[in-house]
>>> print(open('entry.cif').read())   # mmCIF, N, CA and C atoms
data_entry
#
loop_
_atom_site.group_PDB
_atom_site.id
_atom_site.type_symbol
_atom_site.label_atom_id
_atom_site.label_comp_id
_atom_site.auth_asym_id
_atom_site.auth_seq_id
_atom_site.Cartn_x
_atom_site.Cartn_y
_atom_site.Cartn_z
ATOM 1 N N MET A 593 -11.058 -8.489 34.521
ATOM 2 C CA MET A 593 -10.334 -7.732 33.524
ATOM 3 C C MET A 593 -9.325 -8.660 32.856
ATOM 4 N N SER A 594 -9.223 -8.589 31.549
ATOM 5 C CA SER A 594 -8.332 -9.457 30.799
ATOM 6 C C SER A 594 -7.063 -8.717 30.400
ATOM 7 N N ASP A 595 -5.944 -9.414 30.486
ATOM 8 C CA ASP A 595 -4.671 -8.863 30.041
ATOM 9 C C ASP A 595 -4.349 -9.292 28.616
ATOM 10 N N THR A 596 -5.303 -9.939 27.969
ATOM 11 C CA THR A 596 -5.084 -10.444 26.623
ATOM 12 C C THR A 596 -5.295 -9.328 25.599
ATOM 13 N N PHE A 597 -4.288 -9.134 24.771
ATOM 14 C CA PHE A 597 -4.380 -8.161 23.694
ATOM 15 C C PHE A 597 -5.281 -8.740 22.609
ATOM 16 N N ASN A 598 -6.308 -8.013 22.217
ATOM 17 C CA ASN A 598 -7.249 -8.484 21.211
ATOM 18 C C ASN A 598 -6.871 -7.887 19.858
ATOM 19 N N LEU A 599 -6.182 -8.663 19.048
ATOM 20 C CA LEU A 599 -5.720 -8.201 17.747
ATOM 21 C C LEU A 599 -6.889 -7.899 16.812
ATOM 22 N N ASP A 600 -7.987 -8.628 16.932
ATOM 23 C CA ASP A 600 -9.167 -8.364 16.102
ATOM 24 C C ASP A 600 -9.686 -6.947 16.331
ATOM 25 N N VAL A 601 -9.727 -6.518 17.569
ATOM 26 C CA VAL A 601 -10.183 -5.162 17.883
ATOM 27 C C VAL A 601 -9.219 -4.148 17.281
ATOM 28 N N TRP A 602 -7.933 -4.386 17.439
ATOM 29 C CA TRP A 602 -6.941 -3.463 16.885
ATOM 30 C C TRP A 602 -7.082 -3.340 15.380
ATOM 31 N N ILE A 603 -7.242 -4.473 14.681
ATOM 32 C CA ILE A 603 -7.392 -4.461 13.224
ATOM 33 C C ILE A 603 -8.591 -3.617 12.820
ATOM 34 N N ASN A 604 -9.713 -3.803 13.486
ATOM 35 C CA ASN A 604 -10.922 -3.047 13.149
ATOM 36 C C ASN A 604 -10.778 -1.553 13.426
ATOM 37 N N GLU A 605 -10.076 -1.202 14.489
ATOM 38 C CA GLU A 605 -9.919 0.205 14.854
ATOM 39 C C GLU A 605 -8.815 0.900 14.069
ATOM 40 N N ALA A 606 -7.879 0.151 13.488
ATOM 41 C CA ALA A 606 -6.730 0.740 12.797
ATOM 42 C C ALA A 606 -6.995 1.012 11.319
ATOM 43 N N ARG A 607 -8.160 0.729 10.837
ATOM 44 C CA ARG A 607 -8.459 0.936 9.420
ATOM 45 C C ARG A 607 -8.221 2.388 9.028
ATOM 46 N N ARG A 608 -7.585 2.576 7.879
ATOM 47 C CA ARG A 608 -7.306 3.905 7.361
ATOM 48 C C ARG A 608 -8.045 4.092 6.041
ATOM 49 N N GLU A 609 -8.015 5.295 5.560
ATOM 50 C CA GLU A 609 -8.658 5.613 4.288
ATOM 51 C C GLU A 609 -7.784 5.135 3.124
ATOM 52 N N PRO A 610 -8.405 4.672 2.046
ATOM 53 C CA PRO A 610 -7.630 4.320 0.851
ATOM 54 C C PRO A 610 -6.935 5.555 0.283
ATOM 55 N N PHE A 611 -5.860 5.333 -0.454
ATOM 56 C CA PHE A 611 -5.154 6.401 -1.147
ATOM 57 C C PHE A 611 -5.728 6.492 -2.556
ATOM 58 N N ARG A 612 -6.420 7.566 -2.842
ATOM 59 C CA ARG A 612 -7.045 7.754 -4.150
ATOM 60 C C ARG A 612 -6.135 8.605 -5.036
ATOM 61 N N PHE A 613 -6.061 8.205 -6.301
ATOM 62 C CA PHE A 613 -5.271 8.969 -7.261
ATOM 63 C C PHE A 613 -5.925 8.871 -8.633
ATOM 64 N N GLU A 614 -5.563 9.819 -9.489
ATOM 65 C CA GLU A 614 -6.128 9.866 -10.840
ATOM 66 C C GLU A 614 -4.991 9.838 -11.846
ATOM 67 N N VAL A 615 -5.205 9.104 -12.919
ATOM 68 C CA VAL A 615 -4.258 9.062 -14.033
ATOM 69 C C VAL A 615 -5.046 8.789 -15.307
ATOM 70 N N SER A 616 -4.729 9.509 -16.362
ATOM 71 C CA SER A 616 -5.405 9.364 -17.657
ATOM 72 C C SER A 616 -6.920 9.471 -17.519
ATOM 73 N N GLY A 617 -7.377 10.352 -16.637
ATOM 74 C CA GLY A 617 -8.811 10.572 -16.460
ATOM 75 C C GLY A 617 -9.530 9.475 -15.691
ATOM 76 N N ARG A 618 -8.798 8.524 -15.158
ATOM 77 C CA ARG A 618 -9.393 7.432 -14.387
ATOM 78 C C ARG A 618 -8.989 7.565 -12.918
ATOM 79 N N THR A 619 -9.901 7.229 -12.043
ATOM 80 C CA THR A 619 -9.624 7.287 -10.611
ATOM 81 C C THR A 619 -9.419 5.879 -10.068
ATOM 82 N N PHE A 620 -8.395 5.742 -9.244
ATOM 83 C CA PHE A 620 -8.061 4.465 -8.613
ATOM 84 C C PHE A 620 -7.936 4.675 -7.110
ATOM 85 N N ALA A 621 -7.987 3.591 -6.369
ATOM 86 C CA ALA A 621 -7.811 3.656 -4.913
ATOM 87 C C ALA A 621 -6.929 2.498 -4.471
ATOM 88 N N LEU A 622 -5.815 2.844 -3.827
ATOM 89 C CA LEU A 622 -4.939 1.848 -3.218
ATOM 90 C C LEU A 622 -5.385 1.638 -1.779
ATOM 91 N N VAL A 623 -5.503 0.391 -1.377
ATOM 92 C CA VAL A 623 -5.874 0.117 0.009
ATOM 93 C C VAL A 623 -4.759 0.626 0.911
ATOM 94 N N PRO A 624 -5.052 0.933 2.163
ATOM 95 C CA PRO A 624 -3.971 1.275 3.076
ATOM 96 C C PRO A 624 -2.960 0.123 3.119
ATOM 97 N N ALA A 625 -1.687 0.452 3.010
ATOM 98 C CA ALA A 625 -0.648 -0.589 2.940
ATOM 99 C C ALA A 625 -0.696 -1.533 4.128
ATOM 100 N N GLY A 626 -1.052 -1.022 5.280
ATOM 101 C CA GLY A 626 -1.135 -1.858 6.472
ATOM 102 C C GLY A 626 -2.237 -2.901 6.407
ATOM 103 N N GLU A 627 -3.132 -2.772 5.432
ATOM 104 C CA GLU A 627 -4.208 -3.752 5.278
ATOM 105 C C GLU A 627 -3.869 -4.856 4.287
ATOM 106 N N LEU A 628 -2.703 -4.760 3.632
ATOM 107 C CA LEU A 628 -2.297 -5.846 2.747
ATOM 108 C C LEU A 628 -2.063 -7.101 3.578
ATOM 109 N N ASP A 629 -2.336 -8.243 2.993
ATOM 110 C CA ASP A 629 -2.146 -9.498 3.716
ATOM 111 C C ASP A 629 -0.660 -9.745 3.979
ATOM 112 N N LYS A 630 -0.369 -10.301 5.122
ATOM 113 C CA LYS A 630 1.011 -10.552 5.521
ATOM 114 C C LYS A 630 1.751 -11.469 4.548
ATOM 115 N N SER A 631 1.048 -12.222 3.731
ATOM 116 C CA SER A 631 1.698 -13.123 2.778
ATOM 117 C C SER A 631 2.564 -12.367 1.775
ATOM 118 N N ILE A 632 2.292 -11.085 1.560
ATOM 119 C CA ILE A 632 3.102 -10.289 0.618
ATOM 120 C C ILE A 632 4.546 -10.197 1.092
ATOM 121 N N LEU A 633 4.779 -10.324 2.390
ATOM 122 C CA LEU A 633 6.132 -10.232 2.925
ATOM 123 C C LEU A 633 7.037 -11.358 2.434
ATOM 124 N N LYS A 634 6.443 -12.454 1.967
ATOM 125 C CA LYS A 634 7.231 -13.581 1.455
ATOM 126 C C LYS A 634 7.804 -13.295 0.077
ATOM 127 N N SER A 635 7.228 -12.323 -0.634
ATOM 128 C CA SER A 635 7.655 -12.101 -2.010
ATOM 129 C C SER A 635 8.275 -10.735 -2.269
ATOM 130 N N VAL A 636 8.237 -9.820 -1.310
ATOM 131 C CA VAL A 636 8.812 -8.484 -1.534
ATOM 132 C C VAL A 636 9.706 -8.068 -0.371
ATOM 133 N N ASN A 637 10.633 -7.190 -0.687
ATOM 134 C CA ASN A 637 11.491 -6.581 0.332
ATOM 135 C C ASN A 637 10.892 -5.208 0.613
ATOM 136 N N VAL A 638 10.153 -5.074 1.699
ATOM 137 C CA VAL A 638 9.463 -3.813 1.975
ATOM 138 C C VAL A 638 10.391 -2.738 2.535
ATOM 139 N N SER A 639 11.550 -3.123 3.065
ATOM 140 C CA SER A 639 12.442 -2.107 3.621
ATOM 141 C C SER A 639 13.292 -1.439 2.545
ATOM 142 N N ALA A 640 13.577 -2.128 1.459
ATOM 143 C CA ALA A 640 14.321 -1.565 0.334
ATOM 144 C C ALA A 640 13.758 -2.167 -0.956
ATOM 145 N N PRO A 641 12.540 -1.741 -1.338
ATOM 146 C CA PRO A 641 11.873 -2.385 -2.463
ATOM 147 C C PRO A 641 12.546 -2.125 -3.810
ATOM 148 N N SER A 642 12.657 -3.187 -4.593
ATOM 149 C CA SER A 642 13.144 -3.102 -5.971
ATOM 150 C C SER A 642 11.974 -2.656 -6.852
ATOM 151 N N PRO A 643 12.223 -2.329 -8.124
ATOM 152 C CA PRO A 643 11.103 -2.012 -9.018
ATOM 153 C C PRO A 643 10.065 -3.145 -9.070
ATOM 154 N N GLU A 644 10.525 -4.384 -9.038
ATOM 155 C CA GLU A 644 9.603 -5.518 -9.058
ATOM 156 C C GLU A 644 8.779 -5.574 -7.771
ATOM 157 N N ASP A 645 9.419 -5.262 -6.639
ATOM 158 C CA ASP A 645 8.709 -5.238 -5.358
ATOM 159 C C ASP A 645 7.637 -4.151 -5.368
ATOM 160 N N ILE A 646 7.985 -2.988 -5.909
ATOM 161 C CA ILE A 646 7.012 -1.884 -5.994
ATOM 162 C C ILE A 646 5.826 -2.303 -6.846
ATOM 163 N N GLU A 647 6.095 -2.952 -7.969
ATOM 164 C CA GLU A 647 4.991 -3.426 -8.818
ATOM 165 C C GLU A 647 4.135 -4.446 -8.067
ATOM 166 N N SER A 648 4.759 -5.356 -7.338
ATOM 167 C CA SER A 648 4.003 -6.355 -6.574
ATOM 168 C C SER A 648 3.124 -5.689 -5.521
ATOM 169 N N LEU A 649 3.681 -4.681 -4.822
ATOM 170 C CA LEU A 649 2.908 -3.983 -3.800
ATOM 171 C C LEU A 649 1.760 -3.197 -4.414
ATOM 172 N N LEU A 650 2.012 -2.522 -5.545
ATOM 173 C CA LEU A 650 0.940 -1.785 -6.212
ATOM 174 C C LEU A 650 -0.138 -2.742 -6.727
ATOM 175 N N THR A 651 0.292 -3.888 -7.264
ATOM 176 C CA THR A 651 -0.673 -4.893 -7.737
ATOM 177 C C THR A 651 -1.561 -5.345 -6.588
ATOM 178 N N ALA A 652 -0.950 -5.645 -5.446
ATOM 179 C CA ALA A 652 -1.728 -6.074 -4.280
ATOM 180 C C ALA A 652 -2.613 -4.942 -3.776
ATOM 181 N N GLY A 653 -2.075 -3.732 -3.761
ATOM 182 C CA GLY A 653 -2.834 -2.588 -3.255
ATOM 183 C C GLY A 653 -4.016 -2.206 -4.128
ATOM 184 N N LEU A 654 -3.879 -2.406 -5.436
ATOM 185 C CA LEU A 654 -4.971 -2.073 -6.349
ATOM 186 C C LEU A 654 -5.976 -3.218 -6.498
ATOM 187 N N GLY A 655 -5.550 -4.421 -6.199
ATOM 188 C CA GLY A 655 -6.468 -5.566 -6.282
ATOM 189 C C GLY A 655 -7.080 -5.703 -7.661
ATOM 190 N N ASP A 656 -8.398 -5.766 -7.736
ATOM 191 C CA ASP A 656 -9.078 -5.976 -9.019
ATOM 192 C C ASP A 656 -9.005 -4.756 -9.948
ATOM 193 N N GLN A 657 -8.445 -3.647 -9.484
ATOM 194 C CA GLN A 657 -8.242 -2.474 -10.343
ATOM 195 C C GLN A 657 -6.939 -2.571 -11.138
ATOM 196 N N TRP A 658 -6.060 -3.539 -10.763
ATOM 197 C CA TRP A 658 -4.743 -3.616 -11.373
ATOM 198 C C TRP A 658 -4.808 -3.744 -12.893
ATOM 199 N N ALA A 659 -5.645 -4.604 -13.422
ATOM 200 C CA ALA A 659 -5.699 -4.813 -14.874
ATOM 201 C C ALA A 659 -6.015 -3.504 -15.604
ATOM 202 N N ARG A 660 -6.941 -2.733 -15.084
ATOM 203 C CA ARG A 660 -7.312 -1.448 -15.686
ATOM 204 C C ARG A 660 -6.155 -0.457 -15.595
ATOM 205 N N PHE A 661 -5.453 -0.463 -14.458
ATOM 206 C CA PHE A 661 -4.302 0.416 -14.267
ATOM 207 C C PHE A 661 -3.134 -0.022 -15.153
ATOM 208 N N ASP A 662 -2.892 -1.315 -15.222
ATOM 209 C CA ASP A 662 -1.744 -1.857 -15.957
ATOM 210 C C ASP A 662 -1.822 -1.587 -17.450
ATOM 211 N N GLU A 663 -3.015 -1.406 -17.982
ATOM 212 C CA GLU A 663 -3.142 -1.150 -19.417
ATOM 213 C C GLU A 663 -2.739 0.281 -19.799
ATOM 214 N N LEU A 664 -2.572 1.157 -18.816
ATOM 215 C CA LEU A 664 -2.199 2.545 -19.095
ATOM 216 C C LEU A 664 -0.688 2.666 -19.298
ATOM 217 N N PRO A 665 -0.262 3.368 -20.336
ATOM 218 C CA PRO A 665 1.176 3.590 -20.497
ATOM 219 C C PRO A 665 1.653 4.642 -19.496
ATOM 220 N N LEU A 666 2.664 4.279 -18.707
ATOM 221 C CA LEU A 666 3.215 5.188 -17.702
ATOM 222 C C LEU A 666 4.725 5.032 -17.650
ATOM 223 N N PRO A 667 5.446 6.136 -17.469
ATOM 224 C CA PRO A 667 6.898 6.015 -17.283
ATOM 225 C C PRO A 667 7.210 5.411 -15.913
ATOM 226 N N LEU A 668 8.343 4.743 -15.816
ATOM 227 C CA LEU A 668 8.749 4.127 -14.543
ATOM 228 C C LEU A 668 8.828 5.149 -13.424
ATOM 229 N N ALA A 669 9.269 6.358 -13.745
ATOM 230 C CA ALA A 669 9.362 7.392 -12.714
ATOM 231 C C ALA A 669 7.994 7.680 -12.109
ATOM 232 N N ALA A 670 6.935 7.569 -12.914
ATOM 233 C CA ALA A 670 5.586 7.807 -12.404
ATOM 234 C C ALA A 670 5.194 6.735 -11.397
ATOM 235 N N LEU A 671 5.581 5.496 -11.642
ATOM 236 C CA LEU A 671 5.279 4.431 -10.675
ATOM 237 C C LEU A 671 6.017 4.667 -9.367
ATOM 238 N N GLY A 672 7.270 5.099 -9.468
ATOM 239 C CA GLY A 672 8.030 5.405 -8.259
ATOM 240 C C GLY A 672 7.391 6.528 -7.463
ATOM 241 N N GLU A 673 6.919 7.562 -8.164
ATOM 242 C CA GLU A 673 6.269 8.679 -7.472
ATOM 243 C C GLU A 673 4.939 8.247 -6.863
ATOM 244 N N LEU A 674 4.177 7.434 -7.575
ATOM 245 C CA LEU A 674 2.926 6.914 -7.024
ATOM 246 C C LEU A 674 3.205 6.149 -5.740
ATOM 247 N N PHE A 675 4.226 5.307 -5.762
ATOM 248 C CA PHE A 675 4.591 4.534 -4.572
ATOM 249 C C PHE A 675 4.971 5.460 -3.420
ATOM 250 N N ARG A 676 5.780 6.499 -3.697
ATOM 251 C CA ARG A 676 6.172 7.460 -2.652
ATOM 252 C C ARG A 676 4.956 8.179 -2.077
ATOM 253 N N GLN A 677 4.028 8.581 -2.939
ATOM 254 C CA GLN A 677 2.830 9.277 -2.467
ATOM 255 C C GLN A 677 1.954 8.361 -1.618
ATOM 256 N N TRP A 678 1.892 7.088 -1.993
ATOM 257 C CA TRP A 678 1.142 6.106 -1.197
ATOM 258 C C TRP A 678 1.786 5.968 0.174
ATOM 259 N N GLN A 679 3.121 5.908 0.213
ATOM 260 C CA GLN A 679 3.836 5.850 1.488
ATOM 261 C C GLN A 679 3.549 7.094 2.322
ATOM 262 N N ASN A 680 3.606 8.260 1.699
ATOM 263 C CA ASN A 680 3.327 9.513 2.413
ATOM 264 C C ASN A 680 1.920 9.503 3.000
ATOM 265 N N HIS A 681 0.972 8.990 2.246
ATOM 266 C CA HIS A 681 -0.411 8.891 2.711
ATOM 267 C C HIS A 681 -0.492 8.026 3.969
ATOM 268 N N GLU A 682 0.342 7.003 4.014
ATOM 269 C CA GLU A 682 0.357 6.090 5.159
ATOM 270 C C GLU A 682 1.017 6.731 6.372
ATOM 271 N N GLY A 683 1.804 7.766 6.165
ATOM 272 C CA GLY A 683 2.485 8.417 7.270
ATOM 273 C C GLY A 683 3.841 7.818 7.586
ATOM 274 N N ALA A 684 4.190 6.740 6.919
ATOM 275 C CA ALA A 684 5.497 6.102 7.104
ATOM 276 C C ALA A 684 5.756 5.219 5.902
ATOM 277 N N PRO A 685 7.016 5.029 5.534
ATOM 278 C CA PRO A 685 7.305 4.123 4.422
ATOM 279 C C PRO A 685 6.739 2.730 4.694
ATOM 280 N N VAL A 686 6.305 2.061 3.621
ATOM 281 C CA VAL A 686 5.798 0.701 3.752
ATOM 282 C C VAL A 686 6.860 -0.140 4.437
ATOM 283 N N GLY A 687 6.457 -0.891 5.453
ATOM 284 C CA GLY A 687 7.375 -1.747 6.185
ATOM 285 C C GLY A 687 8.016 -1.076 7.378
ATOM 286 N N GLU A 688 7.758 0.204 7.558
ATOM 287 C CA GLU A 688 8.328 0.911 8.717
ATOM 288 C C GLU A 688 7.214 1.527 9.500
ATOM 289 N N SER A 689 7.145 1.233 10.773
ATOM 290 C CA SER A 689 6.088 1.782 11.598
ATOM 291 C C SER A 689 6.451 3.179 12.046
ATOM 292 N N PRO A 690 5.457 4.016 12.358
ATOM 293 C CA PRO A 690 5.744 5.352 12.831
ATOM 294 C C PRO A 690 6.551 5.355 14.129
ATOM 295 N N ALA A 691 6.567 4.262 14.860
ATOM 296 C CA ALA A 691 7.273 4.202 16.134
ATOM 297 C C ALA A 691 8.731 3.773 15.974
ATOM 298 N N SER A 692 9.172 3.529 14.735
ATOM 299 C CA SER A 692 10.553 3.100 14.541
ATOM 300 C C SER A 692 11.522 4.169 14.997
ATOM 301 N N ALA A 693 12.587 3.731 15.657
ATOM 302 C CA ALA A 693 13.597 4.671 16.143
ATOM 303 C C ALA A 693 14.552 5.008 15.018
ATOM 304 N N ASP A 694 15.016 6.238 14.967
ATOM 305 C CA ASP A 694 16.027 6.623 13.995
ATOM 306 C C ASP A 694 17.371 6.062 14.426
ATOM 307 N N SER A 695 18.175 5.656 13.458
ATOM 308 C CA SER A 695 19.499 5.106 13.772
ATOM 309 C C SER A 695 20.499 6.220 13.941
#
>>> encode(input="entry.cif", output="structure tokens")
Amino acid sequence: MSDTFNLDVWINEARREPFRFEVSGRTFALVPAGELDKSILKSVNVSAPSPEDIESLLTAGLGDQWARFDELPLPLAALGELFRQWQNHEGAPVGESPASADS
């Protein structure tokens, strides 16, 4: 019996469903935030994201759909709500695990 934690197994078993949303008659899918590459942590503040951080996270989450999404005119409040709904879909704010203790 091995005491070694197998992160590969955890990654494969932890996959979640994408967050699907519609805007201007088009359907998009954001990958589960937990599946974003860890390199995003070098460029965004996930615990208190700025508008630029939210855009970076949405860009990463939409991947090759970003260009199609970015061409749509949307108010800033709509981007904030999209981000909140994506967080709700994840069950916890981006950057905070469900096991985090309340202060």
>>> atom_distance(input="entry.cif", atom1="atom N of Leu674 (chain A)", atom2="atom N of Ala606 (chain A)")
25.3 Å
>>> residues_around(input="entry.cif", residues="region 621-635 of chain A", least_positions_apart="5", cutoff="8 Å", atoms="only C-alpha atoms", output="list in words")
Arg607, Arg608, Glu609, Pro610, Phe611, Arg612, Phe613, Asp645, Leu649, Leu650, Ala652, Gly653, Leu654, Trp678, Gln679, Glu682 and Val686 of chain A
>>> select_by_dssp(input="entry.cif", residues="chain A", states="strand (DSSP E or B)", output="ChimeraX atom specification")
/A:611-615,618-622
>>> atom_distance(input="entry.cif", atom1="CA of Glu605 (chain A)", atom2="CA of Gly655 (chain A)")
22.2 Å
>>> select_by_dssp(input="entry.cif", residues="chain A", states="helix (DSSP H, G or I)", output="MDAnalysis selection string")
chainID A and resid 599:605 625:627 630:634 643:662 668:682
>>> atom_distance(input="entry.cif", atom1="CA of Gln657 (chain A)", atom2="CA of Leu599 (chain A)")
28.8 Å
>>> residues_around(input="entry.cif", residues="region 659-673 of chain A", least_positions_apart="2", cutoff="9 Å", atoms="only C-alpha atoms", output="PDB file with N, CA and C atoms, in the frame of the given file")
ATOM      1  N   VAL A 615      -5.205   9.104 -12.919  1.00  0.00           N
ATOM      2  CA  VAL A 615      -4.258   9.062 -14.033  1.00  0.00           C
ATOM      3  C   VAL A 615      -5.046   8.789 -15.307  1.00  0.00           C
ATOM      4  N   SER A 616      -4.729   9.509 -16.362  1.00  0.00           N
ATOM      5  CA  SER A 616      -5.405   9.364 -17.657  1.00  0.00           C
ATOM      6  C   SER A 616      -6.920   9.471 -17.519  1.00  0.00           C
ATOM      7  N   ARG A 618      -8.798   8.524 -15.158  1.00  0.00           N
ATOM      8  CA  ARG A 618      -9.393   7.432 -14.387  1.00  0.00           C
ATOM      9  C   ARG A 618      -8.989   7.565 -12.918  1.00  0.00           C
ATOM     10  N   PHE A 620      -8.395   5.742  -9.244  1.00  0.00           N
ATOM     11  CA  PHE A 620      -8.061   4.465  -8.613  1.00  0.00           C
ATOM     12  C   PHE A 620      -7.936   4.675  -7.110  1.00  0.00           C
ATOM     13  N   PRO A 643      12.223  -2.329  -8.124  1.00  0.00           N
ATOM     14  CA  PRO A 643      11.103  -2.012  -9.018  1.00  0.00           C
ATOM     15  C   PRO A 643      10.065  -3.145  -9.070  1.00  0.00           C
ATOM     16  N   ILE A 646       7.985  -2.988  -5.909  1.00  0.00           N
ATOM     17  CA  ILE A 646       7.012  -1.884  -5.994  1.00  0.00           C
ATOM     18  C   ILE A 646       5.826  -2.303  -6.846  1.00  0.00           C
ATOM     19  N   GLU A 647       6.095  -2.952  -7.969  1.00  0.00           N
ATOM     20  CA  GLU A 647       4.991  -3.426  -8.818  1.00  0.00           C
ATOM     21  C   GLU A 647       4.135  -4.446  -8.067  1.00  0.00           C
ATOM     22  N   LEU A 650       2.012  -2.522  -5.545  1.00  0.00           N
ATOM     23  CA  LEU A 650       0.940  -1.785  -6.212  1.00  0.00           C
ATOM     24  C   LEU A 650      -0.138  -2.742  -6.727  1.00  0.00           C
ATOM     25  N   THR A 651       0.292  -3.888  -7.264  1.00  0.00           N
ATOM     26  CA  THR A 651      -0.673  -4.893  -7.737  1.00  0.00           C
ATOM     27  C   THR A 651      -1.561  -5.345  -6.588  1.00  0.00           C
ATOM     28  N   LEU A 654      -3.879  -2.406  -5.436  1.00  0.00           N
ATOM     29  CA  LEU A 654      -4.971  -2.073  -6.349  1.00  0.00           C
ATOM     30  C   LEU A 654      -5.976  -3.218  -6.498  1.00  0.00           C
ATOM     31  N   GLY A 655      -5.550  -4.421  -6.199  1.00  0.00           N
ATOM     32  CA  GLY A 655      -6.468  -5.566  -6.282  1.00  0.00           C
ATOM     33  C   GLY A 655      -7.080  -5.703  -7.661  1.00  0.00           C
ATOM     34  N   ASP A 656      -8.398  -5.766  -7.736  1.00  0.00           N
ATOM     35  CA  ASP A 656      -9.078  -5.976  -9.019  1.00  0.00           C
ATOM     36  C   ASP A 656      -9.005  -4.756  -9.948  1.00  0.00           C
ATOM     37  N   GLN A 657      -8.445  -3.647  -9.484  1.00  0.00           N
ATOM     38  CA  GLN A 657      -8.242  -2.474 -10.343  1.00  0.00           C
ATOM     39  C   GLN A 657      -6.939  -2.571 -11.138  1.00  0.00           C
ATOM     40  N   PHE A 675       4.226   5.307  -5.762  1.00  0.00           N
ATOM     41  CA  PHE A 675       4.591   4.534  -4.572  1.00  0.00           C
ATOM     42  C   PHE A 675       4.971   5.460  -3.420  1.00  0.00           C
ATOM     43  N   ARG A 676       5.780   6.499  -3.697  1.00  0.00           N
ATOM     44  CA  ARG A 676       6.172   7.460  -2.652  1.00  0.00           C
ATOM     45  C   ARG A 676       4.956   8.179  -2.077  1.00  0.00           C
ATOM     46  N   GLN A 677       4.028   8.581  -2.939  1.00  0.00           N
ATOM     47  CA  GLN A 677       2.830   9.277  -2.467  1.00  0.00           C
ATOM     48  C   GLN A 677       1.954   8.361  -1.618  1.00  0.00           C
ATOM     49  N   TRP A 678       1.892   7.088  -1.993  1.00  0.00           N
ATOM     50  CA  TRP A 678       1.142   6.106  -1.197  1.00  0.00           C
ATOM     51  C   TRP A 678       1.786   5.968   0.174  1.00  0.00           C
TER      52      TRP A 678
END
>>> closest_residue(input="entry.cif", among="A:Ser648, A:Asn680, A:Trp658, A:Phe597", to="Val636 (chain A)", atoms="all atoms listed in the file")
A:Ser648
>>> decode(input="entry.cif", residues="region 656-660 of chain A", atoms="all heavy atoms", output="PDB file, in the first residue's frame")
ATOM      1  N   ASP A 656     -10.511  29.965 -26.488  1.00  0.00           N
ATOM      2  CA  ASP A 656     -10.677  30.381 -27.884  1.00  0.00           C
ATOM      3  C   ASP A 656     -12.047  31.014 -28.167  1.00  0.00           C
ATOM      4  O   ASP A 656     -12.280  31.527 -29.256  1.00  0.00           O
ATOM      5  CB  ASP A 656     -10.407  29.223 -28.840  1.00  0.00           C
ATOM      6  CG  ASP A 656     -11.344  28.042 -28.660  1.00  0.00           C
ATOM      7  OD1 ASP A 656     -12.233  28.083 -27.787  1.00  0.00           O
ATOM      8  OD2 ASP A 656     -11.191  27.059 -29.403  1.00  0.00           O
ATOM      9  N   GLN A 657     -12.942  31.035 -27.189  1.00  0.00           N
ATOM     10  CA  GLN A 657     -14.233  31.715 -27.347  1.00  0.00           C
ATOM     11  C   GLN A 657     -14.131  33.207 -27.026  1.00  0.00           C
ATOM     12  O   GLN A 657     -15.062  33.969 -27.280  1.00  0.00           O
ATOM     13  CB  GLN A 657     -15.281  31.110 -26.401  1.00  0.00           C
ATOM     14  CG  GLN A 657     -15.539  29.637 -26.583  1.00  0.00           C
ATOM     15  CD  GLN A 657     -16.383  29.146 -25.422  1.00  0.00           C
ATOM     16  OE1 GLN A 657     -17.599  29.224 -25.474  1.00  0.00           O
ATOM     17  NE2 GLN A 657     -15.718  28.680 -24.370  1.00  0.00           N
ATOM     18  N   TRP A 658     -12.995  33.628 -26.410  1.00  0.00           N
ATOM     19  CA  TRP A 658     -12.870  35.000 -25.947  1.00  0.00           C
ATOM     20  C   TRP A 658     -13.082  36.017 -27.066  1.00  0.00           C
ATOM     21  O   TRP A 658     -13.806  37.006 -26.875  1.00  0.00           O
ATOM     22  CB  TRP A 658     -11.531  35.249 -25.254  1.00  0.00           C
ATOM     23  CG  TRP A 658     -11.393  36.703 -24.898  1.00  0.00           C
ATOM     24  CD1 TRP A 658     -10.626  37.633 -25.531  1.00  0.00           C
ATOM     25  CD2 TRP A 658     -12.084  37.404 -23.865  1.00  0.00           C
ATOM     26  NE1 TRP A 658     -10.784  38.869 -24.954  1.00  0.00           N
ATOM     27  CE2 TRP A 658     -11.685  38.752 -23.924  1.00  0.00           C
ATOM     28  CE3 TRP A 658     -13.011  37.026 -22.899  1.00  0.00           C
ATOM     29  CZ2 TRP A 658     -12.164  39.725 -23.050  1.00  0.00           C
ATOM     30  CZ3 TRP A 658     -13.494  37.995 -22.015  1.00  0.00           C
ATOM     31  CH2 TRP A 658     -13.076  39.318 -22.101  1.00  0.00           C
ATOM     32  N   ALA A 659     -12.480  35.829 -28.216  1.00  0.00           N
ATOM     33  CA  ALA A 659     -12.597  36.811 -29.301  1.00  0.00           C
ATOM     34  C   ALA A 659     -14.063  37.023 -29.691  1.00  0.00           C
ATOM     35  O   ALA A 659     -14.502  38.163 -29.883  1.00  0.00           O
ATOM     36  CB  ALA A 659     -11.774  36.369 -30.512  1.00  0.00           C
ATOM     37  N   ARG A 660     -14.824  35.957 -29.775  1.00  0.00           N
ATOM     38  CA  ARG A 660     -16.247  36.042 -30.120  1.00  0.00           C
ATOM     39  C   ARG A 660     -17.027  36.755 -29.019  1.00  0.00           C
ATOM     40  O   ARG A 660     -17.903  37.564 -29.283  1.00  0.00           O
ATOM     41  CB  ARG A 660     -16.787  34.612 -30.328  1.00  0.00           C
ATOM     42  CG  ARG A 660     -17.966  34.501 -31.220  1.00  0.00           C
ATOM     43  CD  ARG A 660     -18.253  33.044 -31.620  1.00  0.00           C
ATOM     44  NE  ARG A 660     -18.271  32.093 -30.531  1.00  0.00           N
ATOM     45  CZ  ARG A 660     -19.383  31.611 -29.946  1.00  0.00           C
ATOM     46  NH1 ARG A 660     -20.560  31.994 -30.377  1.00  0.00           N
ATOM     47  NH2 ARG A 660     -19.308  30.743 -28.982  1.00  0.00           N
TER      48      ARG A 660
END
